[in-house]
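**Q** Submitted below is the structure of interest, expressed as structure tokens.
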Amino acid sequence: MAKAKGRRGRRYLIGGVVGIAVVATVAVRVVQATADRPPAPTVEEVRAEQGVPVTVAPVTQGALAIWREYSGEVSGVREAVVRARTGDQVSAVLVEVGDAVREGQVLVRHAGEATAARIRQAEAALRQAESTVNRMRPLYEAGAISEQEWEQVLTQHELAAADLAAVQDVVVLTSPLSGTVTEVLVRPGMIPSAGDPLVRVADLSEFIVRARIGAADAAAIREGQTARLPSGATGAVRRIALQADPATRLVEIEVAFPRESGLIAGTLATVQIQIAERDNTLWVPRSAVRDGRVWIVAGGVAQSRAVTTGLEDATRIEIVDGVSAGESVVVEGGSLLSEGARARVVNGGSSSGDV
């Protein structure tokens with residue numbers, strides 16, 4: 001019994017010694033690993049050593065054309081809406097969307113008992129007036145009636161013909177212009193109210209984009225100025241309103257494009273209008289200028305410089321004074337720079353320390 005207890009005691013002692021040795025070994029290795037690894041550098045230390053990553057662009061010298069973008073609704077050069085003139089039922093719709101029509105061509109017919117009765121009455125009155133003219137003509141030529149009596153007969157005939165035409169116009173609706181049917185809003189059997197739109201016709205020999213712009217931009221635009229679409233199709237400013245809208249204070253302009261421009265009536269389009277041009281000037285990307293200053297990178301060092309700007313559009317801005325052609329301006333990363341900081345240029349996936 002005593003011997004067994006002795007053996008257990010020795011095992012506990014040996015196990016304790018081994019455990020202490022393992023812990024000591026681990027502790028030593030942790031201390032060694034920690035001692036061998038230097039502390040991680042701070043962001044400021046990395047920037048000081050490698051430089052702040054920036055993207056640059058050169059100051060460009062040459063011609064500068066300034067374009068402004070505006071959006072507006074597309075329509076044909078002329079448009080007309082044929083509206084119902086009576087509450088009679090529609091008996092026939094003689095055109096479809098896309099049909100070419102000529103001025104005076106019948107588009108829609110109405111059918112109604114009351115209107116039909118009026119037409120028959122007007123036709124009877126015209127026949128009677130024609131009969132009177134035929135009967136009185138020989139008497140006038142023989143001098144049996146006066147000039148005044150003959151003029152009264154002719155006037156009655158003209159009035160009867162005009163009355164019939166007016167009544168027929170109510171039930172027979174024609175196109176007011178030559179063009180293309182762009183919308184049909186009625187079907188046979190429908191009963192519209194007077195004034196309801198039935199058919200829309202447009203002259204698509206040209207397209208017009210009507211846009212509303214600010215007064216300052218309108219002052220820089222002239223009739224005939226070049227305009228273009230994102231597709232590359234070119235047009236010209238056709239009209240500039242002489243007065244701004246009282247509610248919005250915006251000025252409406254019309255820009256004309258040829259039929260082949262690919263526009264579709266009724267849609268919205270973005271047009272670009274050239275408002276100014278310089279033959280020889282300095283310019284940089286617009287993102288390079290902030291609060292009237294730019295960052296210049298030379299020899300890997302950043303320098304802030306005040307500039308005087310001129311014309312500008314959505315992507316470029318003219319530099320009147322403050323930089324020279326060929327210098328490199330920062331377009332991305334400038335918010336991280338400070339005067340005299342080291343800059344690392346990264347453009348197009350490549351990087352270099354000097355510019």
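Chain labels follow the order of the structure tokens: the first chain is A, the next B, and so on; residue numbering restarts at 1 in every chain, and ligands are counted from 1 in their shown order.
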For range 314-317 of chain A, please output as an MDAnalysis selection string all residues within 12 Å (counting only C-alpha atoms; exclusion window: fewer than 2 positions along the same chain).
**A** chainID A and resid 57 59:61 64:70 272 278 281:290 292 294 307:312 319:320 331
**Q** Would you output that residue set with C-alpha atoms, as a PDB file, in the first residue's frame?
**A**
ATOM      1  CA  ALA A  57      -3.600  64.407 -65.774  1.00  0.00           C
ATOM      2  CA  VAL A  59      -2.407  70.488 -68.300  1.00  0.00           C
ATOM      3  CA  THR A  60      -3.481  70.508 -71.954  1.00  0.00           C
ATOM      4  CA  GLN A  61      -3.040  73.367 -74.367  1.00  0.00           C
ATOM      5  CA  LEU A  64     -11.449  74.000 -76.227  1.00  0.00           C
ATOM      6  CA  ALA A  65     -15.113  73.675 -77.199  1.00  0.00           C
ATOM      7  CA  ILE A  66     -17.606  73.943 -74.343  1.00  0.00           C
ATOM      8  CA  TRP A  67     -20.788  71.890 -74.630  1.00  0.00           C
ATOM      9  CA  ARG A  68     -23.750  71.930 -72.256  1.00  0.00           C
ATOM     10  CA  GLU A  69     -26.313  69.130 -71.951  1.00  0.00           C
ATOM     11  CA  TYR A  70     -30.072  69.665 -71.827  1.00  0.00           C
ATOM     12  CA  GLN A 272     -25.553  68.953 -76.313  1.00  0.00           C
ATOM     13  CA  ARG A 278     -11.437  78.866 -77.564  1.00  0.00           C
ATOM     14  CA  THR A 281      -6.138  77.841 -74.201  1.00  0.00           C
ATOM     15  CA  LEU A 282      -5.076  75.744 -71.211  1.00  0.00           C
ATOM     16  CA  TRP A 283      -7.517  73.316 -69.652  1.00  0.00           C
ATOM     17  CA  VAL A 284      -7.612  70.485 -67.125  1.00  0.00           C
ATOM     18  CA  PRO A 285     -10.202  67.932 -66.016  1.00  0.00           C
ATOM     19  CA  ARG A 286     -12.854  69.634 -63.914  1.00  0.00           C
ATOM     20  CA  SER A 287     -12.215  67.293 -60.966  1.00  0.00           C
ATOM     21  CA  ALA A 288      -8.690  68.750 -60.644  1.00  0.00           C
ATOM     22  CA  VAL A 289      -9.978  72.134 -59.456  1.00  0.00           C
ATOM     23  CA  ARG A 290     -11.331  72.528 -55.945  1.00  0.00           C
ATOM     24  CA  GLY A 292      -9.990  77.698 -56.908  1.00  0.00           C
ATOM     25  CA  VAL A 294      -5.147  72.581 -57.901  1.00  0.00           C
ATOM     26  CA  VAL A 307      -5.637  79.158 -60.340  1.00  0.00           C
ATOM     27  CA  THR A 308      -7.930  81.477 -62.255  1.00  0.00           C
ATOM     28  CA  THR A 309     -10.593  79.597 -64.207  1.00  0.00           C
ATOM     29  CA  GLY A 310     -12.663  80.452 -67.268  1.00  0.00           C
ATOM     30  CA  LEU A 311     -14.995  78.395 -69.423  1.00  0.00           C
ATOM     31  CA  GLU A 312     -16.151  75.033 -68.121  1.00  0.00           C
ATOM     32  CA  ILE A 319      -7.282  77.640 -66.655  1.00  0.00           C
ATOM     33  CA  VAL A 320      -6.599  81.297 -67.357  1.00  0.00           C
ATOM     34  CA  VAL A 331      -7.520  64.529 -60.409  1.00  0.00           C
TER      35      VAL A 331
END
**Q** Quick one: residues within 6 Å of range 261-270 of chain A, only C-alpha atoms, excluding same-chain residues fewer than 3 positions away - as a ChimeraX atom specification?
**A** /A:70-75,233,258
**Q** Kindly export the residues of the current selection with C-alpha atoms, as a PDB file, in the first residue's frame.
**A**
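Once everything was written out, this is again-v1.pdb:
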ATOM      1  CA  TYR A  70     -30.072  69.665 -71.827  1.00  0.00           C
ATOM      2  CA  SER A  71     -33.015  67.270 -71.881  1.00  0.00           C
ATOM      3  CA  GLY A  72     -36.293  67.795 -73.669  1.00  0.00           C
ATOM      4  CA  GLU A  73     -39.247  66.105 -75.351  1.00  0.00           C
ATOM      5  CA  VAL A  74     -39.003  65.014 -78.975  1.00  0.00           C
ATOM      6  CA  SER A  75     -41.714  65.918 -81.480  1.00  0.00           C
ATOM      7  CA  ALA A 233     -26.041  63.139 -85.017  1.00  0.00           C
ATOM      8  CA  PRO A 258     -32.789  65.636 -89.440  1.00  0.00           C
TER       9      PRO A 258
END
**Q** Please report, as a PyMOL selection string, each residue of range 146-240 of chain A to which DSSP assigns alpha helix (DSSP H) when run on this structure's backbone.
**A** chain A and resi 147-171+215-219
**Q** Have a look at CA of Leu250 in chain A and CA of Arg200 in chain A and let me know their distance in Å, one decimal.
**A** 27.6 Å
**Q** Hey, what's within 7 Å of Arg212 in chain A if we count only C-alpha atoms and toss same-chain stuff fewer than 6 positions away? As a list in words, please?
**A**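 The filter keeps Leu250, Val251, Glu252 and Ile253 of chain A.
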